[in-house]
Structure formats: structure tokens, C-alpha cells
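Taking it in order: structure first as C-alpha cells, then the write-up.
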Amino acid sequence: MKQLMRSALFVFTSLIEPLIMATIAFYTAKAGGKPEALFYMAIGAGVMGIWSSTLFGSGGVISWQRWEGTLELLVASPPPLLVIVVPLTIATATIGIYSLSATLLWGWLLFDIPFHLAHPLLFVIALPAGVISMGLLGLLIAATFVLYREANALSNMLEFPIALVTGLLFTTALLPDWTHPIGWVLAPTWAVNAIRESALGGSPGMAIVLCLVLGAAYVVLASWFLRVLEVKAREKATLSLA
Amino acid sequence: MRSWLRVFFVGGLIAYRGLFNWLRPAHYFPTMLAHPMFQILFFAYLGRSVNAQSDAFYVVGNAVQVSAMAGVYGMAITIGGERWTQTLGPLMATPASRLAIFLGRALPNLVQGLIVSTFGFCVGRLLLDFHPAPGSLPALALILLTTVASCTAFGMVIGAFGLRLRDSFLVANPAYFLMLLFCGVNVPLAVLPTWMSTISSYLPLTHGIAAAREVAAGASLGSVSGLVGTEALIGLCYAVAAYLFLRFFEEESRRRATLDRM
């Protein structure tokens with residue numbers, strides 16, 4: 001995490017990019033004459049920031065180790081690779097909490113977006129549940145990148161499509177029906193629902209539970225992927241190919 | 001002159017092939033096609049969600065702006081990539097014309113930007129409610145060429161910072177995202193505060209996008225010639241600025257011995 005924070009690019013992705021995206025969303029809502037959508041979008045832009053930093057971290061975790069020549073050493077070391085990767089993806093997701101806070105503060109200061117939590121206690125539960133579930137989705141993504149040499153290109157590409165199908169900034173009801181099941185298995189869908197419903201009012205309980213269930217499923221899947229793909233990478237001798 | 005042209009065409013092409021990972025299909029498709037496609041879809045649906053603008057507004061804005069994937073990121077890699085591969089020092093030690101070296105490296109990025117933008121328009125035509133009249137396509141193509149050239153010139157300025165900074169993406173990334181906000185890509189300039197729309201008028205893309213929107217809506221090329229001329233002039237100014245920055249930073253880097261600093 002300390003190494004990541006030395007990367008100006010990561011700092012930009014986590015700290016500045018969410019503010020730019022939030023500003024675009026705010027002006028879009030204003031252009032549409034929908035000021036009531038501002039708080040809705042502020043939360044969505046903040047969660048998108050969490051997602052961006054998770055994606056950046058999880059996409060990079062394998063690639064950076066590969067470029068530095070340390071991936072083989074990590075794979076060969078006694079602790080399971082899962083134990084090495086989990087903290088990093090969770091940590092990058094945690095940085096995203098800043099994105100959410102900064103986005104809400106940005107909206108409050110510059111766009112007069114009122115900050116009022118309908119269920120403060122549930123918000124305090126929904127936020128870490130959402131962050132952890134997105135971090136664990138990052139773990140699953142990172143696990144598949146062990147075999148994929150173009151991991152960075154894929155992680156750069158995933159920012160918008162996942163924001164699109166999970167309804168981070170707008171309701172998924174606008175999207176074609178066939179996209180909905182894709183959103184259901186992605187943590188950001190339930191993370192943003194949980195955070196939004198606890199902030200705007202609603203019943204975030206089910207969304208919080210689904211965040212935790214999906215998080216657990218991602219760990220199981222990532223553990224399996226890492227085992228299988230690590231063996232494949234060793235067999236093909238592609239572990240260090242950058 | 002022959003040597004100048006050789007450095008411009010052959011040197012530019014070889015450097016492009018050598019420096020760009022994204023020429024591999026596994027890198028090219030996610031970076032240069034999928035990312036722009038999802039960007040266009042994302043902002044079009046964002047606009048739909050609040051009834052802000054028509055799909056055509058977002059398709060034109062984003063399809064033109066995604067040329068910055070090549071124009072801005074590409075030019076950043078052009079200098080930054082030489083640094084990473086430790087060839088910047090030898091390159092700067094050659095007596096070849098700097099104008100030929102850097103314009104030659106900009107040309108493939110310009111072509112790539114045109115390909116990405118054209119793909120963006122096709123995505124809009126096939127997946128969204130964007131149906132420009134066939135008769136408007138030649139004018140749209142000319143505006144696109146001017147705007148992408150202007151964006152590539154701006155990218156050359158960003159690339160020039162690669163001679164000074166360790167990581168040129170430090171400038172390229174904010175530039176790409178700020179273009180989404182400032183250049184009227186997703187937000188009409190009339191909605192932005194005055195200070196932001198004033199900055200917009202000095203940036204590439206802004207006038208080109210405005211012209212492209214009008215032409216796609218049925219206006220003639222003649223009626224937007226002022227916008228296209230302004231876009232070309234802005235591009236020319238950035239190209240001159242890029243050359244001056246490149247020479248200045250080259251001198252600075254030699255003086256400080258920082259050309260190969262990683």
C-alpha cells in the first residue's frame with residue numbers, strides 16, 4: 001500500500017478522478033433539470049471512485065510484481081498467494097472510502113448538495129460491507145490476471161462497463177434486460193444499493209447481506225482460480241512474461 | 001530533405017511499432033476499442049437517466065474525445081516509452097531533426113486517433129440513437145481529421161513533459177479526464193461556470209466537437225467553418241508550443257543529466 005501511494009498515477013486515480021467524474025455527473029443532472037438526483041449521483045460517483053481504485057490496485061497487483069520480477073518469488077514463497085493478494089486488494093478498495101468522502105464533501109461545498117443520512121447506523125455498516133465486497137471482487141479479478149499478460153489493459157477497460165451494468169450513477173432499469181443478471185453477480189451493484197438506501201432511505205439490509213455473500217463467493221472462486229492458474233502459469237512458464 | 005523524410009516516415013513507423021504494446025490484439029481491443037465503446041455507452045446512459053441531452057450529443061462528444069486515447073496517451077508513451085526502454089538518451093544524442101523525429105512519431109498516433117474515433121461513431125450508430133445523414137459524413141470526416149490533429153498536437157505538449165517528468169502519465173491521465181469535463185464532451189458549455197467555459201475555448205476538441213454536432217444535426221460545412229478554423233488554429237498553436245517545450249526540456253534534461261532518470 002505504501003508503494004502504491006508513491007505512485008502519482010494511483011493517487012490521481014483514487015483522489016482526483018472521482019472528483020472529475022462527480023463534477024460531470026453533477027453538471028449532467030443540472031443540465032437535465034434534475035437537482036434531486038444530485039445526492040443520488042454523489043453517492044454513485046463516490047462508489048465509482050472506490051471501484052476505480054480497487055480496479056487499479058487489483059489490475060496492478062499482479063502486473064507490477066511481474067514487471068519488478070518479484071511475482072515468481074511470491075508464488076514460490078510458502079504463504080498461499082491468496083494471503084498475499086487479499087490485503088492489497090482490500091487496501092486499495094479502502095482508499096476508495098476517501099473517494100466517497102471527498103465526492104460527498106465536493107458536492108456539499110460546490111454544488112450545495114445536502115448531506116443527510118436517513119439511516120446513519122446502517123450507513124456505517126453498509127460502507128465497510130460494500131468496500132470489502134468490492135475489494136474481494138478485485139481479488140477475483142487479480143486471481144485471473146496471473147495467467148493473463150495483458151492484465152493492465154483489461155483492468156483499464158473494466159472501469160466503465162462495470163459502472164454501467166451495476167448502476168453506479170443511474171438506474172439499471174434503463175439498460176437492456178439481458179444486462180441485469182451480469183449486474184446481480186457484481187459486488188458494486190449491491191454495494192451502491194446498500195450505501196444509497198442507507199443514505200437516502202429504504203431497506204439496505206438485503207443489499208448488505210448480498211455484499212457479504214458475494215464477497216465470500218469471490219474468495220472461494222479466487223482461491224480456486226489462483227490454485228489452478230498458478231499451476232497453469234508454471235506449466236507454461238509464463239509467470240514472469242511481461 | 002530526403003533524410004528528414006526518412007526520419008519522419010520510417011523513424012516514426014518503427015518507433016510506433018517498437019513502443020506500443022497496444023498493437024498486440026490482446027492489448028489493442030481492450031484499450032483502443034472496448035474502453036472507448038463503454039465510455040460512449042456510459043455517458044449516453046448517464047444523459048438518458050436525467051434527460052439531459054440526446055444520444056447524438058454524447059456520441060459525437062465522446063467519439064471525438066476518445067481520439068485522445070491515441071492523441072494524448074499515445075504521445076505520452078512516445079516519449080515516456082523511450083525513457084522506459086532506455087533509448088531516450090541515444091535518441092536525443094542523434095543529430096536528426098527534432099521536428100522530423102517528433103512529427104514522425106505523432107503521425108501514427110493521429111491515424112490511430114482517427115480509427116478510434118471512427119469506431120466510436122460506428123458504436124453510436126449501431127447501439128444508440130445516432131443517425132447522421134449520409135450526406136453529412138464527408139464534412140464530419142474533415143472535422144474529425146482537424147480535431148484529431150489538434151488533439152494530437154496537444155498530446156505532443158503532454159509528451160514534451162515526458163522529457164522532464166519521470167512519468168508522463170502524471171500529466172496525460174488528468175488531461176484525458178479533464179477533457180471530458182472541460183471540452184463540452186458531456187456537459188454543454190452553457191451549463192459550465194464562466195471560468196470553465198473560458199478555459200474550454202483554449203483547449204483542443206471544444207470547437208471541433210461543437211462543429212461536428214452541428215454538422216451531424218444537418219448543418220453545412222460552410223456554416224461551421226469558423227469553428228473548424230478555430231480548432232485548426234488552436235492545434236497549430238499547440239504544435240508550436242510542443243516544439244518549443246520539446247527543445248527547452250531537451251536542453252534542460254541535458255543540463256541536469258536527467259534524460260535517463262527512471
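Please note that chains go A, B, ... in the order of the C-alpha cells, that every chain numbers its residues from 1, and that ligands are numbered from 1 in the order shown.
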| said: If the cut-off is 9 Å, can you tell me the residues of chain A near chain B, counting only C-alpha atoms? I'd like them as a ChimeraX atom specification. | reply: /A:8-9,12-13,16-17,20-21,23-25,27-34,37,149-161,163-164,169-171,174-175
Store the residues picked out above, limited to N, CA and C atoms, as a CSV table (one decimal), in the first residue's frame.
chain,number,residue,atom,x,y,z
A,8,ALA,N,2.1,8.4,-8.4
A,8,ALA,CA,1.3,9.6,-8.6
A,8,ALA,C,0.1,9.2,-9.4
A,9,LEU,N,0.2,8.2,-10.3
A,9,LEU,CA,-0.9,7.7,-11.1
A,9,LEU,C,-2.0,7.2,-10.2
A,12,PHE,N,-3.7,9.9,-8.4
A,12,PHE,CA,-4.7,10.6,-9.2
A,12,PHE,C,-5.9,9.8,-9.4
A,13,THR,N,-5.8,8.5,-9.7
A,13,THR,CA,-6.9,7.7,-9.9
A,13,THR,C,-7.9,7.6,-8.7
A,16,ILE,N,-8.2,12.2,-7.5
A,16,ILE,CA,-8.7,13.3,-8.3
A,16,ILE,C,-9.8,12.9,-9.3
A,17,GLU,N,-9.6,11.7,-9.9
A,17,GLU,CA,-10.5,11.2,-10.9
A,17,GLU,C,-12.0,11.1,-10.4
A,20,ILE,N,-13.5,14.5,-10.7
A,20,ILE,CA,-13.9,14.9,-12.1
A,20,ILE,C,-15.2,14.2,-12.5
A,21,MET,N,-15.2,12.9,-12.2
A,21,MET,CA,-16.4,12.1,-12.6
A,21,MET,C,-17.7,12.7,-11.9
A,23,THR,N,-18.1,15.7,-10.8
A,23,THR,CA,-18.4,17.0,-11.4
A,23,THR,C,-19.2,16.9,-12.7
A,24,ILE,N,-18.8,15.9,-13.5
A,24,ILE,CA,-19.5,15.7,-14.8
A,24,ILE,C,-20.9,15.2,-14.4
A,25,ALA,N,-21.1,14.3,-13.5
A,25,ALA,CA,-22.4,13.8,-13.1
A,25,ALA,C,-23.3,14.9,-12.6
A,27,TYR,N,-23.1,18.2,-13.2
A,27,TYR,CA,-23.5,19.1,-14.2
A,27,TYR,C,-24.5,18.5,-15.2
A,28,THR,N,-24.3,17.1,-15.4
A,28,THR,CA,-25.3,16.4,-16.2
A,28,THR,C,-26.7,16.5,-15.6
A,29,ALA,N,-26.7,16.3,-14.3
A,29,ALA,CA,-28.0,16.3,-13.6
A,29,ALA,C,-28.6,17.7,-13.7
A,30,LYS,N,-27.7,18.7,-13.5
A,30,LYS,CA,-28.2,20.1,-13.6
A,30,LYS,C,-28.7,20.4,-15.0
A,31,ALA,N,-28.0,19.9,-16.0
A,31,ALA,CA,-28.4,20.2,-17.4
A,31,ALA,C,-29.7,19.5,-17.7
A,32,GLY,N,-30.0,18.4,-17.0
A,32,GLY,CA,-31.3,17.7,-17.2
A,32,GLY,C,-32.4,18.3,-16.3
A,33,GLY,N,-32.0,19.3,-15.5
A,33,GLY,CA,-33.0,19.9,-14.6
A,33,GLY,C,-33.5,18.9,-13.6
A,34,LYS,N,-32.6,18.1,-13.1
A,34,LYS,CA,-32.9,17.1,-12.0
A,34,LYS,C,-32.0,17.3,-10.8
A,37,ALA,N,-31.5,14.6,-8.2
A,37,ALA,CA,-30.7,13.5,-8.5
A,37,ALA,C,-29.3,13.7,-8.0
A,149,ARG,N,-1.3,-11.9,-19.5
A,149,ARG,CA,-0.2,-11.0,-19.6
A,149,ARG,C,-0.7,-9.5,-19.8
A,150,GLU,N,-1.9,-9.4,-20.4
A,150,GLU,CA,-2.4,-8.0,-20.7
A,150,GLU,C,-3.3,-7.5,-19.6
A,151,ALA,N,-3.0,-7.9,-18.4
A,151,ALA,CA,-3.9,-7.6,-17.2
A,151,ALA,C,-4.2,-6.2,-17.1
A,152,ASN,N,-3.2,-5.3,-17.3
A,152,ASN,CA,-3.4,-3.9,-17.1
A,152,ASN,C,-4.4,-3.3,-18.2
A,153,ALA,N,-4.3,-3.8,-19.4
A,153,ALA,CA,-5.2,-3.3,-20.4
A,153,ALA,C,-6.6,-3.7,-20.1
A,154,LEU,N,-6.8,-4.9,-19.6
A,154,LEU,CA,-8.1,-5.4,-19.2
A,154,LEU,C,-8.7,-4.6,-18.0
A,155,SER,N,-7.9,-4.4,-17.1
A,155,SER,CA,-8.4,-3.6,-15.9
A,155,SER,C,-8.7,-2.2,-16.3
A,156,ASN,N,-7.9,-1.6,-17.2
A,156,ASN,CA,-8.3,-0.2,-17.6
A,156,ASN,C,-9.6,-0.2,-18.3
A,157,MET,N,-9.9,-1.3,-19.0
A,157,MET,CA,-11.1,-1.3,-19.8
A,157,MET,C,-12.4,-1.6,-18.9
A,158,LEU,N,-12.2,-2.2,-17.8
A,158,LEU,CA,-13.3,-2.7,-17.0
A,158,LEU,C,-14.0,-1.5,-16.2
A,159,GLU,N,-13.4,-0.4,-16.2
A,159,GLU,CA,-14.0,0.7,-15.3
A,159,GLU,C,-15.4,1.1,-15.7
A,160,PHE,N,-15.6,1.5,-17.0
A,160,PHE,CA,-16.9,1.9,-17.5
A,160,PHE,C,-17.9,0.8,-17.6
A,161,PRO,N,-17.6,-0.4,-18.2
A,161,PRO,CA,-18.6,-1.4,-18.3
A,161,PRO,C,-19.2,-1.8,-17.0
A,163,ALA,N,-19.3,0.0,-14.2
A,163,ALA,CA,-20.1,1.1,-13.7
A,163,ALA,C,-21.4,1.2,-14.4
A,164,LEU,N,-21.4,0.8,-15.7
A,164,LEU,CA,-22.6,0.8,-16.5
A,164,LEU,C,-23.6,-0.3,-16.0
A,169,LEU,N,-24.2,5.2,-11.4
A,169,LEU,CA,-24.6,6.6,-11.5
A,169,LEU,C,-26.1,6.7,-11.9
A,170,PHE,N,-26.6,5.6,-12.4
A,170,PHE,CA,-28.0,5.7,-12.9
A,170,PHE,C,-28.7,4.3,-12.7
A,171,THR,N,-30.0,4.3,-12.7
A,171,THR,CA,-30.7,3.0,-12.5
A,171,THR,C,-30.4,2.1,-13.7
A,174,LEU,N,-32.7,1.3,-17.1
A,174,LEU,CA,-32.6,1.9,-18.4
A,174,LEU,C,-31.9,0.9,-19.4
A,175,LEU,N,-31.2,0.0,-18.8
A,175,LEU,CA,-30.4,-0.9,-19.7
A,175,LEU,C,-31.2,-2.1,-20.2
| field | Given only C-alpha atoms as the counted atoms, nearest of A:Ile141, A:Gly202, A:Ile113, A:Met134 to Ile90 in chain A | value |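 Closest candidate: A:Met134.
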| field | d(CA of Gly183 in chain A, CA of Leu168 in chain A) in Å | value |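 Those two atoms sit 10.4 Å apart.
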| field | All residues 7 Å or closer to range 186-191 of chain A, only C-alpha atoms, same chain fewer than 6 positions away omitted, as a PyMOL selection string | value | chain A and resi 130+133-134+137+166-167+207-208+210-211+214
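With distances restricted to only C-alpha atoms, A:Leu212 is the closest residue to Pro128 in chain A from A:Leu212, A:Ile162, A:Leu140, A:Leu88.
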| query | Leaving out range 87-90 of chain B and any residue of its chain fewer than 3 positions from it, which residues lie within 7 Å of it when counting only C-alpha atoms, given as a list of chain:residue names? | reply | B:Glu82, B:Arg83, B:Ala93, B:Thr94, B:Leu259, B:Asp260
| field | Residues flagged helix (DSSP H, G or I) by DSSP in range 7-136 of chain B, as a ChimeraX atom specification | value | /B:7-19,21-23,25-49,55-65,68-84,88-93,98-127,134-136
| message | Would you pick out the contacts of range 217-229 of chain B at 8 Å or less, using only C-alpha atoms, so that residues sharing its chain but fewer than 5 positions from it are not included, and give the list as a list of chain:residue names? | response |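 In the requested form, the answer reads B:Pro132, B:Ala133, B:Ser136, B:Ala139, B:Ile143, B:Thr146, B:Thr147, B:His207, B:Gly208, B:Ala210, B:Ala211.
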With all heavy atoms retained, could you export that selection as a PDB file, in the first residue's frame?
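Contents of the output file again-v9.pdb:
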ATOM      1  N   PRO B 132     -26.762  10.169 -38.257  1.00  0.00           N
ATOM      2  CA  PRO B 132     -26.451  11.339 -39.098  1.00  0.00           C
ATOM      3  C   PRO B 132     -26.811  11.053 -40.552  1.00  0.00           C
ATOM      4  O   PRO B 132     -26.761   9.901 -40.999  1.00  0.00           O
ATOM      5  CB  PRO B 132     -24.934  11.496 -38.928  1.00  0.00           C
ATOM      6  CG  PRO B 132     -24.456  10.118 -38.596  1.00  0.00           C
ATOM      7  CD  PRO B 132     -25.557   9.446 -37.844  1.00  0.00           C
ATOM      8  N   ALA B 133     -27.160  12.104 -41.270  1.00  0.00           N
ATOM      9  CA  ALA B 133     -27.493  11.913 -42.685  1.00  0.00           C
ATOM     10  C   ALA B 133     -26.237  11.491 -43.447  1.00  0.00           C
ATOM     11  O   ALA B 133     -25.145  12.011 -43.160  1.00  0.00           O
ATOM     12  CB  ALA B 133     -28.020  13.224 -43.247  1.00  0.00           C
ATOM     13  N   SER B 136     -23.845  14.080 -44.619  1.00  0.00           N
ATOM     14  CA  SER B 136     -23.025  14.857 -43.672  1.00  0.00           C
ATOM     15  C   SER B 136     -21.688  14.177 -43.386  1.00  0.00           C
ATOM     16  O   SER B 136     -20.811  14.777 -42.753  1.00  0.00           O
ATOM     17  CB  SER B 136     -23.790  15.050 -42.364  1.00  0.00           C
ATOM     18  OG  SER B 136     -23.935  13.797 -41.705  1.00  0.00           O
ATOM     19  N   ALA B 139     -18.244  15.906 -44.509  1.00  0.00           N
ATOM     20  CA  ALA B 139     -17.939  17.083 -43.671  1.00  0.00           C
ATOM     21  C   ALA B 139     -17.529  16.637 -42.277  1.00  0.00           C
ATOM     22  O   ALA B 139     -16.576  17.174 -41.688  1.00  0.00           O
ATOM     23  CB  ALA B 139     -19.164  17.993 -43.594  1.00  0.00           C
ATOM     24  N   ILE B 143     -13.965  17.412 -40.310  1.00  0.00           N
ATOM     25  CA  ILE B 143     -13.930  18.000 -38.959  1.00  0.00           C
ATOM     26  C   ILE B 143     -13.167  17.065 -38.020  1.00  0.00           C
ATOM     27  O   ILE B 143     -12.357  17.504 -37.199  1.00  0.00           O
ATOM     28  CB  ILE B 143     -15.366  18.240 -38.433  1.00  0.00           C
ATOM     29  CG1 ILE B 143     -16.048  19.313 -39.273  1.00  0.00           C
ATOM     30  CG2 ILE B 143     -15.352  18.639 -36.968  1.00  0.00           C
ATOM     31  CD1 ILE B 143     -17.542  19.416 -39.045  1.00  0.00           C
ATOM     32  N   THR B 146      -9.414  17.358 -38.586  1.00  0.00           N
ATOM     33  CA  THR B 146      -8.887  18.598 -37.995  1.00  0.00           C
ATOM     34  C   THR B 146      -8.799  18.479 -36.478  1.00  0.00           C
ATOM     35  O   THR B 146      -7.794  18.841 -35.857  1.00  0.00           O
ATOM     36  CB  THR B 146      -9.826  19.788 -38.346  1.00  0.00           C
ATOM     37  OG1 THR B 146     -10.080  19.770 -39.748  1.00  0.00           O
ATOM     38  CG2 THR B 146      -9.230  21.109 -37.939  1.00  0.00           C
ATOM     39  N   THR B 147      -9.862  17.936 -35.885  1.00  0.00           N
ATOM     40  CA  THR B 147      -9.927  17.873 -34.424  1.00  0.00           C
ATOM     41  C   THR B 147      -8.929  16.870 -33.862  1.00  0.00           C
ATOM     42  O   THR B 147      -8.273  17.139 -32.843  1.00  0.00           O
ATOM     43  CB  THR B 147     -11.368  17.502 -33.980  1.00  0.00           C
ATOM     44  OG1 THR B 147     -12.284  18.308 -34.704  1.00  0.00           O
ATOM     45  CG2 THR B 147     -11.557  17.720 -32.508  1.00  0.00           C
ATOM     46  N   HIS B 207     -13.993  23.206 -30.043  1.00  0.00           N
ATOM     47  CA  HIS B 207     -14.636  23.761 -31.244  1.00  0.00           C
ATOM     48  C   HIS B 207     -14.952  22.671 -32.262  1.00  0.00           C
ATOM     49  O   HIS B 207     -15.965  22.733 -32.957  1.00  0.00           O
ATOM     50  CB  HIS B 207     -13.740  24.832 -31.877  1.00  0.00           C
ATOM     51  CG  HIS B 207     -13.497  25.988 -30.950  1.00  0.00           C
ATOM     52  ND1 HIS B 207     -12.465  25.985 -30.020  1.00  0.00           N
ATOM     53  CD2 HIS B 207     -14.167  27.144 -30.758  1.00  0.00           C
ATOM     54  CE1 HIS B 207     -12.510  27.105 -29.319  1.00  0.00           C
ATOM     55  NE2 HIS B 207     -13.531  27.829 -29.746  1.00  0.00           N
ATOM     56  N   GLY B 208     -14.079  21.676 -32.324  1.00  0.00           N
ATOM     57  CA  GLY B 208     -14.296  20.560 -33.253  1.00  0.00           C
ATOM     58  C   GLY B 208     -15.556  19.788 -32.899  1.00  0.00           C
ATOM     59  O   GLY B 208     -16.353  19.422 -33.780  1.00  0.00           O
ATOM     60  N   ALA B 210     -18.108  20.923 -31.196  1.00  0.00           N
ATOM     61  CA  ALA B 210     -19.274  21.785 -31.472  1.00  0.00           C
ATOM     62  C   ALA B 210     -19.617  21.754 -32.962  1.00  0.00           C
ATOM     63  O   ALA B 210     -20.793  21.642 -33.345  1.00  0.00           O
ATOM     64  CB  ALA B 210     -18.992  23.212 -31.014  1.00  0.00           C
ATOM     65  N   ALA B 211     -18.574  21.827 -33.806  1.00  0.00           N
ATOM     66  CA  ALA B 211     -18.802  21.788 -35.255  1.00  0.00           C
ATOM     67  C   ALA B 211     -19.384  20.441 -35.676  1.00  0.00           C
ATOM     68  O   ALA B 211     -20.337  20.380 -36.471  1.00  0.00           O
ATOM     69  CB  ALA B 211     -17.487  22.055 -35.985  1.00  0.00           C
TER      70      ALA B 211
END
